[in-house]
Each structure stands twice: as structure tokens, then as C-alpha cells.
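Next comes model-v5.cif, with mmCIF, C-alpha atoms and all ligand atoms.
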data_work
loop_
_atom_site.label_atom_id
_atom_site.label_comp_id
_atom_site.auth_asym_id
_atom_site.auth_seq_id
_atom_site.Cartn_x
_atom_site.Cartn_y
_atom_site.Cartn_z
CA ASN A 1 17.67 13.92 -17.77
CA THR A 2 15.83 11.13 -15.99
CA HIS A 3 12.82 13.28 -15.12
CA GLU A 4 12.29 14.31 -18.73
CA ALA A 5 12.76 10.72 -19.89
CA GLU A 6 10.19 9.58 -17.40
CA CYS A 7 7.65 12.24 -18.44
CA LYS A 8 8.16 11.23 -22.03
CA SER A 9 7.63 7.55 -21.29
CA LYS A 10 4.50 8.37 -19.29
CA ALA A 11 3.10 10.57 -22.05
CA GLN A 12 3.65 7.66 -24.43
CA LYS A 13 1.88 5.11 -22.25
CA GLN A 14 -0.92 3.49 -24.22
CA VAL A 15 -4.20 2.68 -22.56
CA CYS A 16 -5.39 -0.87 -23.25
CA LYS A 17 -8.89 -0.42 -24.71
CA THR A 18 -10.03 -3.90 -23.64
CA VAL A 19 -9.19 -3.19 -20.00
CA LEU A 20 -10.72 0.30 -20.13
CA LYS A 21 -13.97 -1.08 -21.53
CA HIS A 22 -14.06 -3.64 -18.75
CA PHE A 23 -13.36 -0.99 -16.08
CA ASP A 24 -16.06 1.31 -17.53
CA ALA A 25 -18.68 -1.41 -17.28
CA GLN A 26 -17.67 -2.65 -13.82
CA TYR A 27 -16.76 0.57 -12.04
CA SER A 28 -19.60 2.75 -13.31
CA GLU A 29 -21.89 0.12 -11.79
CA GLU A 30 -19.91 -0.25 -8.55
CA LEU A 31 -18.84 3.35 -7.97
CA GLY A 32 -21.33 5.44 -9.99
CA GLU A 33 -20.28 9.08 -10.41
CA GLN A 34 -17.08 8.48 -8.41
CA TRP A 35 -15.73 6.37 -11.26
CA ARG A 36 -15.70 9.47 -13.55
CA SER A 37 -13.11 11.34 -11.52
CA ALA A 38 -11.03 8.23 -10.84
CA ARG A 39 -11.11 7.44 -14.57
CA ASP A 40 -9.80 10.90 -15.48
CA VAL A 41 -6.82 10.41 -13.16
CA LEU A 42 -6.04 6.85 -14.26
CA LEU A 43 -6.10 7.98 -17.90
CA ASN A 44 -3.65 10.81 -17.25
CA PRO A 45 -0.35 9.45 -15.84
CA LEU A 46 1.19 12.92 -16.06
CA SER A 47 -1.18 14.00 -13.26
CA TRP A 48 -0.03 11.28 -10.81
CA GLN A 49 1.43 12.53 -7.53
CA TYR A 50 4.18 10.84 -5.49
CA GLY A 51 4.70 10.71 -1.77
CA VAL A 52 8.20 10.93 -0.27
CA LEU A 53 8.44 8.68 2.79
CA LEU A 54 11.43 9.73 4.90
CA ASN A 55 13.72 7.10 6.38
CA ARG A 56 14.17 7.84 10.07
CA PHE A 57 17.32 5.68 10.17
CA SER A 58 19.20 7.81 7.64
CA ASP A 59 20.89 11.17 7.84
CA LEU A 60 18.09 13.62 6.95
CA THR A 61 20.20 16.78 7.27
CA ASN A 62 18.87 19.42 4.85
CA LEU A 63 16.39 17.06 3.22
CA LYS A 64 13.25 18.43 4.89
CA GLN A 65 14.32 21.98 4.10
CA ASP A 66 15.05 21.06 0.49
CA LEU A 67 11.62 19.45 0.17
CA ALA A 68 9.93 22.50 1.71
CA GLU A 69 11.74 24.74 -0.79
CA LEU A 70 10.44 22.56 -3.61
CA GLY A 71 6.88 23.10 -2.31
CA TYR A 72 6.40 19.81 -0.45
CA THR A 73 4.39 19.66 2.76
CA ASN A 74 4.22 17.00 5.45
CA LEU A 75 1.17 14.75 5.15
CA PHE A 76 1.30 14.31 8.93
CA PRO A 77 2.13 17.68 10.49
CA GLN A 78 4.08 16.85 13.63
CA THR A 79 2.40 17.63 16.90
CA HIS A 80 3.88 17.31 20.33
CA PRO A 81 4.23 13.65 21.40
CA GLU A 82 2.33 14.37 24.62
CA SER A 83 -0.54 15.95 22.74
CA HIS A 84 -3.82 14.03 22.63
CA SER A 85 -4.40 15.15 19.07
CA GLN A 86 -1.48 13.01 17.87
CA THR A 87 -3.11 10.69 15.34
CA THR A 88 -0.05 9.36 13.55
CA PRO A 89 3.16 7.91 14.94
CA ILE A 90 5.69 10.63 15.59
CA HIS A 91 8.39 9.17 13.33
CA LEU A 92 6.22 8.71 10.26
CA GLN A 93 6.99 11.50 7.85
CA CYS A 94 5.67 11.55 4.31
CA PHE A 95 6.04 14.64 2.15
CA ILE A 96 3.54 15.33 -0.61
CA HIS A 97 3.21 17.95 -3.32
CA ARG A 98 0.01 19.30 -4.83
CA ASP A 99 1.56 19.01 -8.31
CA PRO A 100 2.66 15.78 -10.00
CA VAL A 101 6.35 16.49 -9.48
CA ARG A 102 8.76 13.71 -8.64
CA ILE A 103 12.21 13.79 -7.13
CA PRO A 104 14.70 11.19 -8.40
CA THR A 105 14.95 7.79 -6.74
CA GLN A 106 18.21 7.25 -4.88
CA ILE A 107 20.80 4.71 -6.00
CA HIS A 108 21.79 1.79 -3.77
CA HIS A 109 25.31 2.15 -2.33
CA PRO A 110 26.49 -0.63 0.01
CA GLY A 111 27.00 0.77 3.50
CA TRP A 112 24.84 3.88 2.94
CA LEU A 113 21.16 4.25 3.91
CA LYS A 114 18.71 5.81 1.48
CA GLN A 115 16.91 8.85 2.83
CA TYR A 116 13.49 8.40 1.24
CA TYR A 117 11.19 5.97 -0.54
CA LEU A 118 8.78 7.16 -3.24
CA LEU A 119 5.29 5.76 -2.95
CA ASN A 120 1.61 6.33 -3.47
CA ALA A 121 0.80 8.08 -0.18
CA ALA A 122 -2.42 6.04 0.16
CA SER A 123 -0.16 2.99 0.74
CA LEU A 124 0.37 4.34 4.24
CA LEU A 125 -3.28 3.81 5.14
CA PRO A 126 -2.95 0.01 5.64
CA VAL A 127 0.20 0.57 7.73
CA LEU A 128 -1.48 3.20 9.91
CA SER A 129 -4.49 0.90 10.30
CA LEU A 130 -2.19 -1.88 11.50
CA ASN A 131 -1.02 0.51 14.25
CA VAL A 132 2.05 -1.47 15.28
CA LYS A 133 3.20 -0.92 18.87
CA GLU A 134 6.73 -1.20 20.22
CA GLY A 135 7.82 -4.84 20.60
CA GLU A 136 4.93 -6.42 18.70
CA HIS A 137 5.49 -9.41 16.43
CA VAL A 138 4.40 -8.50 12.93
CA LEU A 139 4.02 -10.49 9.71
CA ASP A 140 3.96 -8.80 6.30
CA LEU A 141 2.60 -11.73 4.30
CA CYS A 142 3.06 -10.32 0.77
CA ALA A 143 5.92 -7.93 1.27
CA ALA A 144 7.87 -7.20 -1.96
CA PRO A 145 9.15 -4.73 -2.93
CA GLY A 146 8.96 -3.73 0.75
CA GLY A 147 7.35 -0.29 0.83
CA LYS A 148 4.90 -1.17 3.58
CA SER A 149 7.50 -3.10 5.60
CA LEU A 150 9.64 0.04 5.57
CA ALA A 151 6.68 2.17 6.58
CA VAL A 152 5.97 -0.20 9.51
CA LEU A 153 9.56 0.32 10.69
CA GLN A 154 9.05 4.09 10.56
CA THR A 155 6.01 3.85 12.86
CA ALA A 156 7.47 1.68 15.65
CA THR A 157 10.21 -0.77 16.56
CA PRO A 158 8.55 -4.19 16.43
CA GLY A 159 9.99 -7.14 18.38
CA LEU A 160 9.96 -9.00 15.05
CA LEU A 161 9.05 -8.00 11.52
CA HIS A 162 8.66 -11.09 9.37
CA CYS A 163 8.58 -10.10 5.68
CA ASN A 164 7.48 -12.79 3.25
CA GLU A 165 7.35 -12.91 -0.53
CA VAL A 166 6.63 -15.93 -2.76
CA ASP A 167 8.19 -14.73 -6.01
CA GLN A 168 11.97 -15.32 -6.22
CA HIS A 169 12.82 -12.17 -8.15
CA ARG A 170 10.60 -9.99 -5.97
CA HIS A 171 12.00 -11.65 -2.83
CA ASP A 172 15.51 -10.55 -3.94
CA TRP A 173 14.18 -7.05 -4.55
CA LEU A 174 12.68 -7.06 -1.03
CA LEU A 175 16.06 -8.00 0.48
CA LYS A 176 17.69 -5.16 -1.43
CA THR A 177 15.09 -2.67 -0.20
CA LEU A 178 15.57 -3.70 3.42
CA GLU A 179 19.35 -3.50 3.09
CA SER A 180 19.16 0.00 1.58
CA TYR A 181 16.95 1.46 4.33
CA VAL A 182 17.44 -0.48 7.57
CA PRO A 183 20.67 -0.10 9.56
CA PRO A 184 22.67 -3.24 10.42
CA ALA A 185 21.88 -2.67 14.11
CA GLN A 186 18.14 -3.12 13.39
CA GLN A 187 18.45 -6.02 10.96
CA HIS A 188 18.07 -8.59 13.77
CA LEU A 189 14.42 -7.48 14.08
CA LEU A 190 13.81 -8.69 10.54
CA SER A 191 13.16 -12.15 9.23
CA VAL A 192 12.73 -12.51 5.48
CA THR A 193 11.22 -15.65 3.92
CA HIS A 194 10.38 -16.90 0.51
CA LEU A 195 7.20 -18.92 1.09
CA ASP A 196 3.72 -19.23 -0.26
CA GLY A 197 1.85 -17.00 2.18
CA ARG A 198 -1.04 -19.49 2.21
CA SER A 199 1.10 -21.93 4.21
CA ILE A 200 2.31 -19.58 6.96
CA GLY A 201 -0.94 -19.72 8.99
CA SER A 202 -0.58 -23.46 9.53
CA MET A 203 3.20 -23.27 9.99
CA ARG A 204 3.07 -20.56 12.68
CA PRO A 205 -0.44 -20.55 14.21
CA GLY A 206 -1.14 -17.65 16.56
CA ALA A 207 2.49 -16.43 16.40
CA TYR A 208 1.91 -12.76 15.56
CA ASP A 209 0.26 -9.74 17.16
CA LYS A 210 -0.41 -8.10 13.79
CA VAL A 211 -0.51 -9.35 10.19
CA LEU A 212 -0.62 -7.30 7.01
CA VAL A 213 -2.06 -8.90 3.88
CA ASP A 214 -1.23 -6.48 1.08
CA ALA A 215 -2.67 -8.90 -1.40
CA PRO A 216 -1.72 -9.58 -5.01
CA CYS A 217 -4.54 -7.90 -6.94
CA SER A 218 -5.47 -6.52 -10.33
CA ASN A 219 -3.51 -3.32 -9.77
CA ASP A 220 -5.82 -0.90 -11.62
CA ARG A 221 -3.11 1.58 -12.62
CA SER A 222 -0.81 -0.93 -14.25
CA TRP A 223 -3.50 -3.17 -15.81
CA LEU A 224 -4.91 -0.21 -17.69
CA TYR A 225 -1.54 0.18 -19.45
CA THR A 226 -1.15 -3.46 -20.50
CA PRO A 227 0.84 -3.20 -23.73
CA ASP A 228 -1.39 -5.20 -26.05
CA THR A 229 -4.97 -6.40 -26.37
CA HIS A 230 -4.13 -10.09 -26.25
CA GLN A 231 -2.31 -9.65 -22.93
CA GLY A 232 -5.16 -7.43 -21.71
CA GLU A 233 -7.60 -10.27 -22.38
CA MET A 234 -5.35 -12.79 -20.62
CA TRP A 235 -5.14 -10.56 -17.57
CA LEU A 236 -8.89 -10.19 -17.47
CA LYS A 237 -9.11 -13.97 -17.23
CA GLU A 238 -6.46 -14.05 -14.49
CA ARG A 239 -8.41 -11.39 -12.65
CA THR A 240 -11.25 -13.83 -12.04
CA GLN A 241 -8.83 -16.19 -10.22
CA LEU A 242 -7.60 -13.58 -7.75
CA PRO A 243 -10.44 -13.56 -5.18
CA LEU A 244 -9.80 -17.22 -4.30
CA LEU A 245 -6.07 -16.58 -3.71
CA GLN A 246 -6.92 -13.45 -1.72
CA LYS A 247 -9.36 -15.35 0.54
CA GLU A 248 -6.78 -18.07 1.14
CA LEU A 249 -4.12 -15.51 2.04
CA LEU A 250 -6.51 -13.72 4.38
CA CYS A 251 -7.46 -17.02 6.10
CA SER A 252 -3.77 -17.87 6.49
CA ALA A 253 -3.20 -14.45 8.09
CA LEU A 254 -6.08 -15.03 10.52
CA ALA A 255 -4.56 -18.36 11.51
CA ALA A 256 -1.15 -16.72 12.02
CA VAL A 257 -2.43 -13.96 14.31
CA ARG A 258 -2.96 -14.58 18.04
CA PRO A 259 -6.43 -14.32 19.57
CA GLY A 260 -7.02 -10.60 20.08
CA GLY A 261 -4.56 -9.77 17.29
CA VAL A 262 -5.35 -7.68 14.22
CA VAL A 263 -5.15 -8.44 10.50
CA VAL A 264 -5.22 -5.68 7.88
CA TYR A 265 -6.23 -6.63 4.35
CA SER A 266 -5.39 -4.21 1.53
CA THR A 267 -5.34 -4.01 -2.27
CA CYS A 268 -4.66 -1.35 -4.89
CA THR A 269 -7.74 -2.10 -6.97
CA MET A 270 -11.26 -0.67 -6.75
CA SER A 271 -12.80 -4.02 -7.68
CA ARG A 272 -15.51 -5.05 -5.24
CA ALA A 273 -14.84 -8.76 -5.96
CA GLU A 274 -11.27 -8.38 -4.64
CA ASN A 275 -12.17 -6.07 -1.77
CA GLN A 276 -15.45 -6.11 0.14
CA SER A 277 -16.53 -9.49 -1.28
CA VAL A 278 -13.30 -11.16 -0.14
CA VAL A 279 -13.66 -9.80 3.38
CA GLU A 280 -17.38 -10.63 3.56
CA ALA A 281 -16.76 -14.22 2.41
CA VAL A 282 -14.01 -14.73 4.98
CA LEU A 283 -16.12 -13.21 7.77
CA ALA A 284 -18.94 -15.58 6.84
CA SER A 285 -16.75 -18.69 6.83
CA TYR A 286 -14.13 -18.08 9.53
CA GLN A 287 -15.22 -18.60 13.14
CA GLY A 288 -14.17 -16.15 15.82
CA VAL A 289 -13.35 -13.13 13.66
CA GLU A 290 -14.89 -9.66 13.76
CA LEU A 291 -14.73 -6.67 11.46
CA LEU A 292 -13.16 -3.55 12.96
CA GLU A 293 -13.95 -0.16 11.45
CA LEU A 294 -10.92 1.95 10.61
CA GLU A 295 -10.44 4.48 13.38
CA GLN A 296 -12.52 7.58 12.68
CA HIS A 297 -9.79 9.96 13.81
CA LEU A 298 -7.44 8.40 11.25
CA ILE A 299 -9.97 8.90 8.44
CA ASP A 300 -10.70 12.45 9.62
CA SER A 301 -7.01 13.33 9.75
CA LEU A 302 -6.48 12.11 6.18
CA SER A 303 -9.68 13.22 4.48
CA ASP A 304 -8.22 16.60 3.44
CA HIS A 305 -5.78 14.68 1.27
CA PHE A 306 -7.40 11.35 0.40
CA CYS A 307 -10.77 10.96 -1.27
CA PHE A 308 -12.65 8.16 0.51
CA ALA A 309 -15.31 6.43 -1.61
CA HIS A 310 -18.83 6.16 -0.25
CA PHE A 311 -20.38 2.74 -0.34
CA HIS A 312 -22.86 0.91 1.82
CA PRO A 313 -22.72 -1.20 3.80
CA SER A 314 -19.18 -0.17 4.46
CA VAL A 315 -16.82 -3.11 4.81
CA GLY A 316 -13.47 -1.35 4.89
CA GLN A 317 -12.48 1.92 3.23
CA LEU A 318 -11.52 2.69 -0.35
CA VAL A 319 -9.35 5.65 -1.39
CA ILE A 320 -10.17 6.64 -4.97
CA PRO A 321 -8.00 8.97 -7.06
CA GLN A 322 -9.35 12.42 -7.86
CA LYS A 323 -7.92 15.44 -9.66
CA GLY A 324 -5.29 17.06 -7.42
CA LYS A 325 -5.63 14.18 -4.92
CA THR A 326 -4.48 11.37 -7.14
CA TRP A 327 -3.71 8.99 -4.22
CA GLY A 328 -5.09 5.47 -4.48
CA PRO A 329 -6.71 3.24 -5.50
CA MET A 330 -6.23 1.67 -2.08
CA TYR A 331 -8.71 -0.55 -0.27
CA VAL A 332 -8.20 -1.29 3.45
CA SER A 333 -10.11 -3.48 5.86
CA ARG A 334 -9.32 -4.44 9.44
CA LEU A 335 -10.24 -7.69 11.19
CA ARG A 336 -9.71 -8.93 14.73
CA ARG A 337 -9.38 -12.55 15.76
CA ILE A 338 -11.53 -12.93 18.85
CA TYR A 339 -10.54 -16.50 19.77
N1 LIG B 401 3.40 -4.88 0.23
C1 LIG B 401 4.23 -4.57 -0.93
C2 LIG B 401 4.75 -3.15 -0.80
O1 LIG B 401 4.11 -2.34 -0.15
O2 LIG B 401 5.83 -2.87 -1.35
C3 LIG B 401 3.47 -4.80 -2.22
C4 LIG B 401 2.88 -6.19 -2.33
S1 LIG B 401 2.16 -6.57 -3.89
C5 LIG B 401 0.66 -5.70 -3.84
C6 LIG B 401 1.66 -8.24 -3.65
C7 LIG B 401 2.81 -9.22 -3.59
O3 LIG B 401 2.29 -10.51 -3.24
C8 LIG B 401 3.56 -9.43 -4.91
O4 LIG B 401 4.91 -9.15 -4.71
C9 LIG B 401 3.36 -10.91 -5.23
O5 LIG B 401 4.49 -11.51 -5.83
C10 LIG B 401 3.10 -11.49 -3.85
N2 LIG B 401 2.37 -12.77 -3.82
C11 LIG B 401 1.57 -13.31 -4.76
N3 LIG B 401 1.10 -14.50 -4.35
C12 LIG B 401 1.62 -14.72 -3.12
C13 LIG B 401 1.55 -15.80 -2.19
N4 LIG B 401 0.81 -16.88 -2.44
N5 LIG B 401 2.24 -15.69 -1.03
C14 LIG B 401 2.99 -14.60 -0.77
N6 LIG B 401 3.10 -13.56 -1.61
C15 LIG B 401 2.43 -13.61 -2.77
#
Please go through the file and, once you have read it, give me the structure as C-alpha cells.
Ligand code: SAM
Amino acid sequence: NTHEAECKSKAQKQVCKTVLKHFDAQYSEELGEQWRSARDVLLNPLSWQYGVLLNRFSDLTNLKQDLAELGYTNLFPQTHPESHSQTTPIHLQCFIHRDPVRIPTQIHHPGWLKQYYLLNAASLLPVLSLNVKEGEHVLDLCAAPGGKSLAVLQTATPGLLHCNEVDQHRHDWLLKTLESYVPPAQQHLLSVTHLDGRSIGSMRPGAYDKVLVDAPCSNDRSWLYTPDTHQGEMWLKERTQLPLLQKELLCSALAAVRPGGVVVYSTCTMSRAENQSVVEAVLASYQGVELLELEQHLIDSLSDHFCFAHFHPSVGQLVIPQKGKTWGPMYVSRLRRIY
């Protein structure tokens, strides 16, 4: 069956020694002891957990009960909407399991909405940090395959959700995702483009209330499993080019957001050069922008599940994988345009 096939393919995954050597040198320096536990998780794909993000637009009859019977729990236990302790949007429901079990992905059928999306639960942190309110105009600058766009739509009904992706193949994949999860009656809220995200700031200055920059990055999980050494070396070279692209995308996002609006920058690498250093460089060069801490109540509500790295000074937050809490890597930083 597919689950067995997947376990087999994971067990056969080969670590690229060149990339591992590079990570060992860089991350033991940047993260110290915390790299040890993250390393153990990254080297053991059979330990990886999956989150099940429910689709509020689909028919969820029986699904929650089935998940509970399988041992899943809700990452965001629902509290009463009137309650002041409500820290996450009422519709956002992500089920997690303490073991690395995985339910099958659902197949696309035209005219039918998928009930759930499998993801690394730490991917919800940038979306929660964006904190979209009803009616807001939102840009997801680097959107494919669309996991975070979908999560945004679970948290609120924006006035506009503009999803952009530069790569043709990934843009098609993004369209497919949106079609499989969003009902026709909500599709008018969506605008999907196929542009270089670096140009959107000058094309639509100040047009959005919120912008998400889920930047292209050296995805630590997949780079470690680069099939051969030659490719591993090529990717290490490419890795040095990423911070420039990331800064340009972040500057474009800041131009696209209105004064007072919020930009969230995220990556799925632990690399300081692609995280804190990018944000620090943009803060130093871009006038009228301030750093916003992630809301403490959000961090508190998630710290039973996510392991937040400790680094000083803290520019953003980094979730690092740990045994039994294999979520991440996920870096998130929040900026506000003042004028
Ligand atoms: N947000 C997505 C999700 O949650 O499903 C994942 C985004 S992935 C980390 C980064 C994406 O940025 C890739 O699909 C990549 O093709 C795209 N990308 C790379 N360069 C870009 C650019 N200049 N403008 C827009 N998108 C870009």
C-alpha cells in the first residue's frame, strides 16, 4: 500500500555527506547544542510528523472523529469565540499526532473539495503571525504549492487574496490546490498571478494590508537528501545567492503593503544568512519600517508543541525540530511599514 511504499522510500533516502558536513560546521556554530537534536530529526525521516489542516469549506462529517480514533489531537483546542483566551482563529483546525503516522493524501476530483491538507504544522506560524482580519487585502508573494494561502483562508475571509508564483509548473500546481480546496463561491476573492515577486512592489505600491513572503530558501530537509555529491556542491553554491533574492522579495513586499500594514517573512531553513541577516539588512536599508515581535501569547500557546530556538538578539523566531516535536525548521519575522 501507499503508506508502506512511502516508509520504504523514506528509509532508503540517502543523506548527502557534502551537505551534512556543511550543516555541521554552520549550525553547530549558529545553534550550538540545539543543532544536535535538530540533526537527529533531520537524519531520521521515519520520525517526521505531519499535521492535518482541515478545510472548513468541505464536508467534515466523521473526519474529526476518525482522526481522534487514530490518536490525533487538535493543535488549537477550540475555546468559546467570546472567550478572551482565544489565541487562534476559530476556524483554524490542525490535527497532529505524537507519532510519525501519516494519513493518505486525497485525490483531486473535479467538483469535490478536499477535506484536509498535510503539512509541517510549523508552517502555520507565519500565517498566524500575519493575523489576517475579515476583508483585508492580502498578498502571498511566493505562494506555490499553496499551503499557506489555504491556511490564510481558514483563518479569515479576506477581501482579496492575491497568490503569486514565478515558476510556471509550480503556478499550475498552485491553481490546482486552490481549485481542490476553495469553493466556487469563494473563488472571486482570489487572484492568482505568475510574476516575479520582486516586481509586484513597484506594480502595486501600498495596495495590501498584509503581505506574506514565504521565501525561496535552502530548505534544510530536502537539501540534506540531495541525490548526489555533485548536485550537493552545486546547491551549496546556489545557497550563497539566496540572501540577495530574499532581500529583494522582502523589499518588494514592503513596497506593496500600505503604511501601517504588516509583512511576514518566513523560511524553512535554520540558516542565519537567510533569516535574521536578511531581516537586519532590510531594516537597516529601508526607511520607515519597524520590527514587530511575534505576539507572546501566540508563542506561549504553541510552545508545548513547537521547540523555539534561543538566540540573541532575537530578530524573529525559529522553530527547530526535536525528537517527538519534529515540526520545523521554520523561521518567522514580522515587520510593519510605518510610513
Ligand atoms: N508558500 C508556499 C506554501 O506554503 O505552499 C511555499 C513557497 S516556497 C517556500 C517558495 C516559492 O517561491 C517557490 O515555489 C518558488 O518557485 C517561488 N519563487 C522563487 N523565486 C520567486 C520570485 N522571484 N517571485 C515569486 N516567487 C518565487
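Reported to one decimal place, the separation of CA of Gln49 (chain A) from CA of Asn120 (chain A) is 7.4 Å.
Each residue with an atom within 6 Å of any atom of ligand LIG 401 (chain B) appears in the list, which was built counting only C-alpha atoms and all ligand atoms: Leu141, Cys142, Ala143, Ala144, Pro145, Gly146, Gly147, Lys148, Glu165, Val166, Asp167, Arg170, Asp196, Gly197, Arg198, Asp214, Ala215 and Pro216 of chain A.
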Problem set entry | Selected residue, from A:Ser180, A:Ser37, A:Gln287, A:Ser252, that lies nearest to Ile320 (chain A) when counting only C-alpha atoms |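 Looking only at the distances to Ile320 (chain A), the closest residue turns out to be A:Ser37.
Going from CA of Phe95 (chain A) over to CA of Glu179 (chain A), you cover 22.5 Å.
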Draw an axis-aligned box tight on the listed atoms of region 279-288 of chain A, then pad every side by 4 Å and write out centre and edge lengths in Å to one decimal as lines of an AutoDock Vina configuration file.
center_x = -16.3
center_y = -14.2
center_z = 9.1
size_x = 13.3
size_y = 16.9
size_z = 21.4
Exercise. Closest to Lys237 (chain A) among A:Leu249, A:Cys94, A:Val19, A:Ala38, using only C-alpha atoms?
Worked result: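 Among A:Leu249, A:Cys94, A:Val19, A:Ala38, it is A:Val19 that comes nearest to Lys237 (chain A).
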For this session: Pick out the closest residue to Gln26 (chain A) from this set: A:Ser271, A:Thr226, A:Arg39, A:Asp66. Count all atoms listed in the file.
Result: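 Nearest to Gln26 (chain A): A:Ser271.
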Seminar exercise, completed: Using all atoms listed in the file, the shortest atom-to-atom distance to Leu130 (chain A) among A:Ala309, A:Val262, A:Ala284, A:Leu244 belongs to A:Val262
For this session: Work out how far apart CA of Leu42 (chain A) and CA of Phe308 (chain A) are and give it in Å to one decimal.
Result: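 Computing it gives 16.2 Å between the two atoms.
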For this session: With all atoms listed in the file counted, which protein, DNA or RNA residues have an atom no more than 12 Å from (-6.4, -17.1, 2.8) in the file frame? Please answer as a PyMOL selection string.
Result: chain A and resi 141-142+196-202+213-216+242-256+263+265+278-279+281-283+285-286
Exercise. With all atoms listed in the file as the basis for distance, which of A:Trp223, A:Trp235, A:Phe57, A:Tyr208 is at the shortest distance from Gly159 (chain A)?
Worked result: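 Distance minimum relative to Gly159 (chain A) lands on A:Tyr208.
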Residue rebuild result region 309-327 of chain A, N, CA and C atoms as a PDB file, in the coordinates of the input:
ATOM      1  N   ALA A 309     -14.084   6.754  -0.874  1.00  0.00           N
ATOM      2  CA  ALA A 309     -15.310   6.430  -1.610  1.00  0.00           C
ATOM      3  C   ALA A 309     -16.451   6.203  -0.625  1.00  0.00           C
ATOM      4  N   HIS A 310     -17.668   6.426  -1.106  1.00  0.00           N
ATOM      5  CA  HIS A 310     -18.830   6.160  -0.250  1.00  0.00           C
ATOM      6  C   HIS A 310     -19.483   4.902  -0.784  1.00  0.00           C
ATOM      7  N   PHE A 311     -19.555   3.885   0.042  1.00  0.00           N
ATOM      8  CA  PHE A 311     -20.380   2.740  -0.340  1.00  0.00           C
ATOM      9  C   PHE A 311     -20.983   2.119   0.901  1.00  0.00           C
ATOM     10  N   HIS A 312     -22.146   1.490   0.696  1.00  0.00           N
ATOM     11  CA  HIS A 312     -22.860   0.910   1.820  1.00  0.00           C
ATOM     12  C   HIS A 312     -23.237  -0.521   1.490  1.00  0.00           C
ATOM     13  N   PRO A 313     -23.255  -1.429   2.469  1.00  0.00           N
ATOM     14  CA  PRO A 313     -22.720  -1.200   3.800  1.00  0.00           C
ATOM     15  C   PRO A 313     -21.212  -1.123   3.714  1.00  0.00           C
ATOM     16  N   SER A 314     -20.608  -0.371   4.611  1.00  0.00           N
ATOM     17  CA  SER A 314     -19.180  -0.170   4.460  1.00  0.00           C
ATOM     18  C   SER A 314     -18.389  -1.278   5.134  1.00  0.00           C
ATOM     19  N   VAL A 315     -17.756  -2.095   4.307  1.00  0.00           N
ATOM     20  CA  VAL A 315     -16.820  -3.110   4.810  1.00  0.00           C
ATOM     21  C   VAL A 315     -15.464  -2.606   4.361  1.00  0.00           C
ATOM     22  N   GLY A 316     -14.757  -1.928   5.245  1.00  0.00           N
ATOM     23  CA  GLY A 316     -13.470  -1.350   4.890  1.00  0.00           C
ATOM     24  C   GLY A 316     -13.636   0.029   4.262  1.00  0.00           C
ATOM     25  N   GLN A 317     -12.499   0.584   3.836  1.00  0.00           N
ATOM     26  CA  GLN A 317     -12.480   1.920   3.230  1.00  0.00           C
ATOM     27  C   GLN A 317     -11.720   1.845   1.919  1.00  0.00           C
ATOM     28  N   LEU A 318     -12.168   2.667   0.965  1.00  0.00           N
ATOM     29  CA  LEU A 318     -11.520   2.690  -0.350  1.00  0.00           C
ATOM     30  C   LEU A 318     -11.119   4.126  -0.678  1.00  0.00           C
ATOM     31  N   VAL A 319      -9.819   4.331  -0.941  1.00  0.00           N
ATOM     32  CA  VAL A 319      -9.350   5.650  -1.390  1.00  0.00           C
ATOM     33  C   VAL A 319      -9.384   5.631  -2.921  1.00  0.00           C
ATOM     34  N   ILE A 320     -10.122   6.600  -3.508  1.00  0.00           N
ATOM     35  CA  ILE A 320     -10.170   6.640  -4.970  1.00  0.00           C
ATOM     36  C   ILE A 320      -9.500   7.920  -5.468  1.00  0.00           C
ATOM     37  N   PRO A 321      -8.710   7.797  -6.554  1.00  0.00           N
ATOM     38  CA  PRO A 321      -8.000   8.970  -7.060  1.00  0.00           C
ATOM     39  C   PRO A 321      -8.961  10.030  -7.586  1.00  0.00           C
ATOM     40  N   GLN A 322      -8.580  11.277  -7.378  1.00  0.00           N
ATOM     41  CA  GLN A 322      -9.350  12.420  -7.860  1.00  0.00           C
ATOM     42  C   GLN A 322      -8.365  13.463  -8.325  1.00  0.00           C
ATOM     43  N   LYS A 323      -8.808  14.382  -9.164  1.00  0.00           N
ATOM     44  CA  LYS A 323      -7.920  15.440  -9.660  1.00  0.00           C
ATOM     45  C   LYS A 323      -7.290  16.177  -8.469  1.00  0.00           C
ATOM     46  N   GLY A 324      -5.984  16.338  -8.491  1.00  0.00           N
ATOM     47  CA  GLY A 324      -5.290  17.060  -7.420  1.00  0.00           C
ATOM     48  C   GLY A 324      -5.094  16.250  -6.145  1.00  0.00           C
ATOM     49  N   LYS A 325      -5.802  15.117  -6.053  1.00  0.00           N
ATOM     50  CA  LYS A 325      -5.630  14.180  -4.920  1.00  0.00           C
ATOM     51  C   LYS A 325      -5.591  12.796  -5.559  1.00  0.00           C
ATOM     52  N   THR A 326      -4.495  12.565  -6.279  1.00  0.00           N
ATOM     53  CA  THR A 326      -4.480  11.370  -7.140  1.00  0.00           C
ATOM     54  C   THR A 326      -4.093  10.100  -6.373  1.00  0.00           C
ATOM     55  N   TRP A 327      -4.103  10.148  -5.049  1.00  0.00           N
ATOM     56  CA  TRP A 327      -3.710   8.990  -4.220  1.00  0.00           C
ATOM     57  C   TRP A 327      -4.729   7.872  -4.349  1.00  0.00           C
TER      58      TRP A 327
END
